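Reading through the structure tokens given below for one structure.
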Amino acid sequence: NPMAQPIGRHFLQIPGPTNVPEQVLRAMSAPTIDHRGPEFASLTLDLLEAVKPVFGTTQPVVIYPSSGTGAWEAALVNTLSPGDRVLAFETGHFATLWREMAQNLGLEVEFVPGDWRHGADPGAAAERLAADREHRIKAVCVVHNETSTGVTSRIAEIRRALDDAGHPALLLVDTISSLGSIDYRHDEWGVDVTISCSQKGLMLPPGLGFNAVSQKALRAGETAGLRRSYWDWEPILEANRRGFFHSTPATNLLYGLREALRLLDEEGLANVYARHLRHAEATRAAVRAWGLEVLCLDEREHSAALTAVVVPEGHDADKIRELILGSFNMSLGAGLGKLRGTVFRIGHLGHFNDVALAGTLSGVQMGLELAGVPIDQGGVAAALSVLTGKAGA
Ligand code: PLP
């Protein structure tokens, strides 16, 4: 029987926070500097440019000391007015939380129901937008990568639905678990606010929130009536022009961000995205060879950042995760909301490579076996064949 293994590195394979590279940890350990001094101004001015490619934008990016939830709120309060209607899609737990936030802020949410196994439906978006002849819908809110389900929505198709309907609503997109892992194009897809944070594909600890902002969103901000103060873009962008922030920034996280962006640039964003796709494909090969089900049901929407695995009837996904943590010192993601106990999630994003994936999947396979889940032993082998390019050979 396996023994608890407190030594060796912990495998943090939840879909964020993710493993932070040594180089990033070291960069963050530098002394904190004067956030109103010249050295800081040069850091900010460089960073505000360096962060743009990962969003696929040349427009401003606002950085907050916050979690992703804060960045959600910032996107809403900077662009909308009390009573405004927004169109949103029930893709899973996070989309549901974002709806709750919008309602708490006094917005009216038209929520397209979903089964938590598909992305936002571009057909449903087209229908709702076409039906809204008076243009009462002021924003369309989509979670790009639904972290609770491992399903990635097709943002370009949602954009097309807006364009085809000739609808002027803003497009707000949550890229919290996709940024830096999954191909994303703020400008090309005509996104008005892209929401993100530090602790997933950017390979940083939690603590930074982001809004990439279009000119249309900035204009909407001039008349948006929701109350805002800390989240207001205006004073931040104003201070940013001179290389500063209007309140104390998370200096050491910004050092980390500079280093993480350097690592992403060194690998090349196209290679980063290809690596994530390949690891996701290998993971699905393992799941299917085990004889288990991937939660995502649409081949076009499999997440490259994480995979949610459905546990067979009669087994508790949380017990399996507990057993894997206790036996192999590896953390996996829990089922969230209505998926509690019925799925576990394998994070394969961020600072990650082939051998780390092989280790992760080996831990899962051993855990499933120990938990008495009936599986075929070929899962890890199937994944390795994808990694070596020998699958189906
Ligand atoms: N949106 C998505 C897709 C997420 O995955 C998360 C967190 O995991 C959030 C929003 C909330 O972000 P945070 O927990 O950083 O506030």
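In the structure tokens, chains take letters A, B, ... by order of appearance, with residues numbered from 1 within each chain and ligands from 1 in the order shown.
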
Show me which residues line ligand 1, defined as having an atom within 9 Å of a ligand atom where only C-alpha atoms and all ligand atoms count, and present them as an mmCIF file with N, CA and C atoms, in the first residue's frame.
data_model
loop_
_atom_site.group_PDB
_atom_site.id
_atom_site.type_symbol
_atom_site.label_atom_id
_atom_site.label_comp_id
_atom_site.auth_asym_id
_atom_site.auth_seq_id
_atom_site.Cartn_x
_atom_site.Cartn_y
_atom_site.Cartn_z
ATOM 1 N N PRO A 15 -6.928 23.654 -11.187
ATOM 2 C CA PRO A 15 -6.870 24.616 -12.308
ATOM 3 C C PRO A 15 -6.729 26.056 -11.812
ATOM 4 N N GLY A 16 -5.772 26.273 -11.005
ATOM 5 C CA GLY A 16 -5.412 27.583 -10.490
ATOM 6 C C GLY A 16 -5.890 27.788 -9.069
ATOM 7 N N PRO A 17 -5.031 28.402 -8.229
ATOM 8 C CA PRO A 17 -3.684 28.855 -8.536
ATOM 9 C C PRO A 17 -2.792 27.719 -9.046
ATOM 10 N N SER A 66 -6.004 42.740 -6.872
ATOM 11 C CA SER A 66 -7.309 42.117 -6.606
ATOM 12 C C SER A 66 -7.301 40.672 -7.083
ATOM 13 N N SER A 67 -8.332 39.940 -6.723
ATOM 14 C CA SER A 67 -8.554 38.624 -7.315
ATOM 15 C C SER A 67 -9.351 38.822 -8.606
ATOM 16 N N GLY A 68 -9.684 37.722 -9.245
ATOM 17 C CA GLY A 68 -10.463 37.800 -10.476
ATOM 18 C C GLY A 68 -11.852 38.376 -10.243
ATOM 19 N N THR A 69 -12.437 38.081 -9.103
ATOM 20 C CA THR A 69 -13.781 38.566 -8.783
ATOM 21 C C THR A 69 -13.829 40.097 -8.803
ATOM 22 N N GLY A 70 -12.770 40.709 -8.292
ATOM 23 C CA GLY A 70 -12.678 42.169 -8.334
ATOM 24 C C GLY A 70 -12.668 42.679 -9.760
ATOM 25 N N ALA A 71 -11.932 41.986 -10.626
ATOM 26 C CA ALA A 71 -11.837 42.406 -12.023
ATOM 27 C C ALA A 71 -13.196 42.251 -12.740
ATOM 28 N N TRP A 72 -13.980 41.249 -12.322
ATOM 29 C CA TRP A 72 -15.365 41.111 -12.813
ATOM 30 C C TRP A 72 -16.171 42.362 -12.476
ATOM 31 N N HIS A 93 -20.362 26.999 -12.842
ATOM 32 C CA HIS A 93 -20.331 27.652 -11.531
ATOM 33 C C HIS A 93 -19.909 29.116 -11.621
ATOM 34 N N PHE A 94 -18.860 29.407 -12.420
ATOM 35 C CA PHE A 94 -18.352 30.778 -12.435
ATOM 36 C C PHE A 94 -19.295 31.714 -13.173
ATOM 37 N N ALA A 95 -19.897 31.236 -14.263
ATOM 38 C CA ALA A 95 -20.892 32.058 -14.958
ATOM 39 C C ALA A 95 -22.051 32.368 -14.013
ATOM 40 N N LEU A 97 -21.897 32.559 -10.698
ATOM 41 C CA LEU A 97 -21.452 33.554 -9.705
ATOM 42 C C LEU A 97 -21.413 34.964 -10.297
ATOM 43 N N TRP A 98 -21.004 35.032 -11.557
ATOM 44 C CA TRP A 98 -20.935 36.354 -12.203
ATOM 45 C C TRP A 98 -22.342 36.926 -12.355
ATOM 46 N N VAL A 143 -18.047 33.689 -20.077
ATOM 47 C CA VAL A 143 -16.842 33.125 -19.459
ATOM 48 C C VAL A 143 -16.127 32.314 -20.548
ATOM 49 N N HIS A 144 -14.937 32.769 -20.930
ATOM 50 C CA HIS A 144 -14.229 32.100 -22.039
ATOM 51 C C HIS A 144 -13.939 30.645 -21.682
ATOM 52 N N ASN A 145 -13.221 30.451 -20.576
ATOM 53 C CA ASN A 145 -12.919 29.077 -20.155
ATOM 54 C C ASN A 145 -13.610 28.836 -18.820
ATOM 55 N N GLU A 146 -14.687 28.041 -18.820
ATOM 56 C CA GLU A 146 -15.452 27.788 -17.593
ATOM 57 C C GLU A 146 -14.655 26.777 -16.762
ATOM 58 N N THR A 147 -14.023 27.297 -15.720
ATOM 59 C CA THR A 147 -13.087 26.501 -14.926
ATOM 60 C C THR A 147 -13.782 25.374 -14.166
ATOM 61 N N SER A 148 -15.090 25.503 -13.942
ATOM 62 C CA SER A 148 -15.787 24.453 -13.195
ATOM 63 C C SER A 148 -16.111 23.243 -14.058
ATOM 64 N N ASP A 174 -14.677 36.901 -19.541
ATOM 65 C CA ASP A 174 -13.851 36.427 -18.422
ATOM 66 C C ASP A 174 -12.815 35.448 -18.979
ATOM 67 N N THR A 175 -11.533 35.847 -18.925
ATOM 68 C CA THR A 175 -10.455 34.944 -19.377
ATOM 69 C C THR A 175 -9.600 34.502 -18.189
ATOM 70 N N ILE A 176 -10.242 34.416 -17.022
ATOM 71 C CA ILE A 176 -9.489 34.157 -15.794
ATOM 72 C C ILE A 176 -8.686 32.864 -15.880
ATOM 73 N N SER A 177 -9.275 31.809 -16.451
ATOM 74 C CA SER A 177 -8.498 30.560 -16.536
ATOM 75 C C SER A 177 -8.066 30.239 -17.966
ATOM 76 N N SER A 178 -8.102 31.228 -18.858
ATOM 77 C CA SER A 178 -7.610 30.968 -20.221
ATOM 78 C C SER A 178 -6.421 31.838 -20.590
ATOM 79 N N ILE A 195 -11.531 40.322 -18.862
ATOM 80 C CA ILE A 195 -11.296 40.238 -17.424
ATOM 81 C C ILE A 195 -10.324 39.102 -17.161
ATOM 82 N N SER A 196 -9.316 39.351 -16.322
ATOM 83 C CA SER A 196 -8.431 38.232 -15.994
ATOM 84 C C SER A 196 -7.765 38.445 -14.648
ATOM 85 N N CYS A 197 -6.907 37.500 -14.285
ATOM 86 C CA CYS A 197 -6.161 37.630 -13.037
ATOM 87 C C CYS A 197 -4.867 36.830 -13.122
ATOM 88 N N SER A 198 -4.097 36.872 -12.042
ATOM 89 C CA SER A 198 -2.693 36.458 -12.121
ATOM 90 C C SER A 198 -2.423 34.983 -11.917
ATOM 91 N N GLN A 199 -3.318 34.252 -11.221
ATOM 92 C CA GLN A 199 -2.903 32.981 -10.609
ATOM 93 C C GLN A 199 -3.103 31.735 -11.464
ATOM 94 N N LYS A 200 -3.310 31.909 -12.762
ATOM 95 C CA LYS A 200 -3.544 30.702 -13.577
ATOM 96 C C LYS A 200 -2.508 30.646 -14.693
ATOM 97 N N PRO A 206 -1.897 34.425 -6.583
ATOM 98 C CA PRO A 206 -3.087 35.270 -6.660
ATOM 99 C C PRO A 206 -2.741 36.691 -6.240
ATOM 100 N N GLY A 207 -3.519 37.678 -6.713
ATOM 101 C CA GLY A 207 -3.344 39.038 -6.211
ATOM 102 C C GLY A 207 -3.388 40.147 -7.255
ATOM 103 N N LEU A 208 -3.345 39.789 -8.553
ATOM 104 C CA LEU A 208 -3.508 40.818 -9.581
ATOM 105 C C LEU A 208 -4.770 40.537 -10.387
ATOM 106 N N GLY A 209 -5.558 41.579 -10.632
ATOM 107 C CA GLY A 209 -6.708 41.490 -11.522
ATOM 108 C C GLY A 209 -6.465 42.386 -12.731
#

Inset, instruction - From a DSSP calculation on the backbone, collect every residue of range 269-325 of chain A in alpha helix (DSSP H) and output the set as a ChimeraX atom specification. - result: /A:269-290,317-325

Legend entry - Test item: residues at most 7 Å from Gly190 in chain A, only C-alpha atoms, excluding those fewer than 3 positions along its chain, as a PyMOL selection string: chain A and resi 159+186-187

Please produce a file of those selected residues containing N, CA and C atoms, as a short mmCIF file (atom, residue, chain, number, x, y, z; two decimals), in the first residue's frame.
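The resulting selection.cif:
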data_model
loop_
_atom_site.label_atom_id
_atom_site.label_comp_id
_atom_site.auth_asym_id
_atom_site.auth_seq_id
_atom_site.Cartn_x
_atom_site.Cartn_y
_atom_site.Cartn_z
N ARG A 159 -19.11 36.94 -31.01
CA ARG A 159 -18.90 38.24 -31.67
C ARG A 159 -19.71 38.32 -32.96
N HIS A 186 -8.38 39.79 -27.94
CA HIS A 186 -9.24 40.90 -27.49
C HIS A 186 -9.61 41.82 -28.66
N ASP A 187 -8.62 42.26 -29.42
CA ASP A 187 -8.89 43.22 -30.51
C ASP A 187 -9.61 42.55 -31.67
#

Inset, instruction - Do a neighbour search on range 108-114 of chain A at 9 Å with only C-alpha atoms, toss out local chain neighbours closer than 5 positions, and write the hits as a list in words. - result: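 Near range 108-114 of chain A, the qualifying residues are Pro82, Gly83, Asp84, Arg85, Val86, Leu87, Ala88, Phe89, Glu90, Thr91, Gly92, Thr96, Arg99, Glu100, Ala102, Gln103, Gly119, Ala120, Asp121, Ala124, Ala125, Arg128 and Ile137 of chain A.
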
Inset, instruction - Measuring atom to atom with only C-alpha atoms, identify which of A:Asp164, A:Asp192, A:Asp318, A:Glu222 is nearest to Glu234 in chain A. - result: A:Glu222

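Here the question is which of A:Leu292, A:Leu357, A:Ile236, A:Ala131 gets nearest to Val62 in chain A using only C-alpha atoms, and that residue is A:Ile236.
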
Inset, instruction - With a distance cut-off of 7 Å and only C-alpha atoms, select the neighbouring residues of range 375-377 of chain A, excluding the residue or stretch itself and same-chain residues fewer than 5 positions from it, and output the selection as a list in words. - result: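 Returned residues: Ala289, Trp290 and Gly291 of chain A.
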
For the residues in the current selection, export N, CA and C atoms as an mmCIF file, in the first residue's frame.
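Dumped to part_3.cif:
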data_model
loop_
_atom_site.group_PDB
_atom_site.id
_atom_site.type_symbol
_atom_site.label_atom_id
_atom_site.label_comp_id
_atom_site.auth_asym_id
_atom_site.auth_seq_id
_atom_site.Cartn_x
_atom_site.Cartn_y
_atom_site.Cartn_z
ATOM 1 N N ALA A 289 -9.223 6.127 -22.167
ATOM 2 C CA ALA A 289 -8.650 4.780 -22.050
ATOM 3 C C ALA A 289 -8.975 4.168 -20.680
ATOM 4 N N TRP A 290 -9.095 5.001 -19.648
ATOM 5 C CA TRP A 290 -9.529 4.470 -18.347
ATOM 6 C C TRP A 290 -10.972 3.971 -18.419
ATOM 7 N N GLY A 291 -11.684 4.415 -19.425
ATOM 8 C CA GLY A 291 -13.100 4.058 -19.535
ATOM 9 C C GLY A 291 -13.988 5.067 -18.815
#

Legend entry - Using only C-alpha atoms: which of A:Leu295, A:Met330, A:Ala169, A:Leu47 has the shortest distance to Arg117 in chain A: A:Leu295

Legend entry - CA of Leu129 in chain A to CA of Val173 in chain A, distance in Å rounded to a single decimal: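 Computing it gives 16.9 Å between the two atoms.
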
Inset, instruction - Excluding range 239-244 of chain A and any residue of its chain fewer than 2 positions from it, enumerate the residues within 8 Å of it, using only C-alpha atoms, and give them as a list in words. - result: His35, Arg36, Phe40, Ala41, Ser42, Leu43, Thr44, Leu45, Pro235, Ile236, Leu237 and His246 of chain A
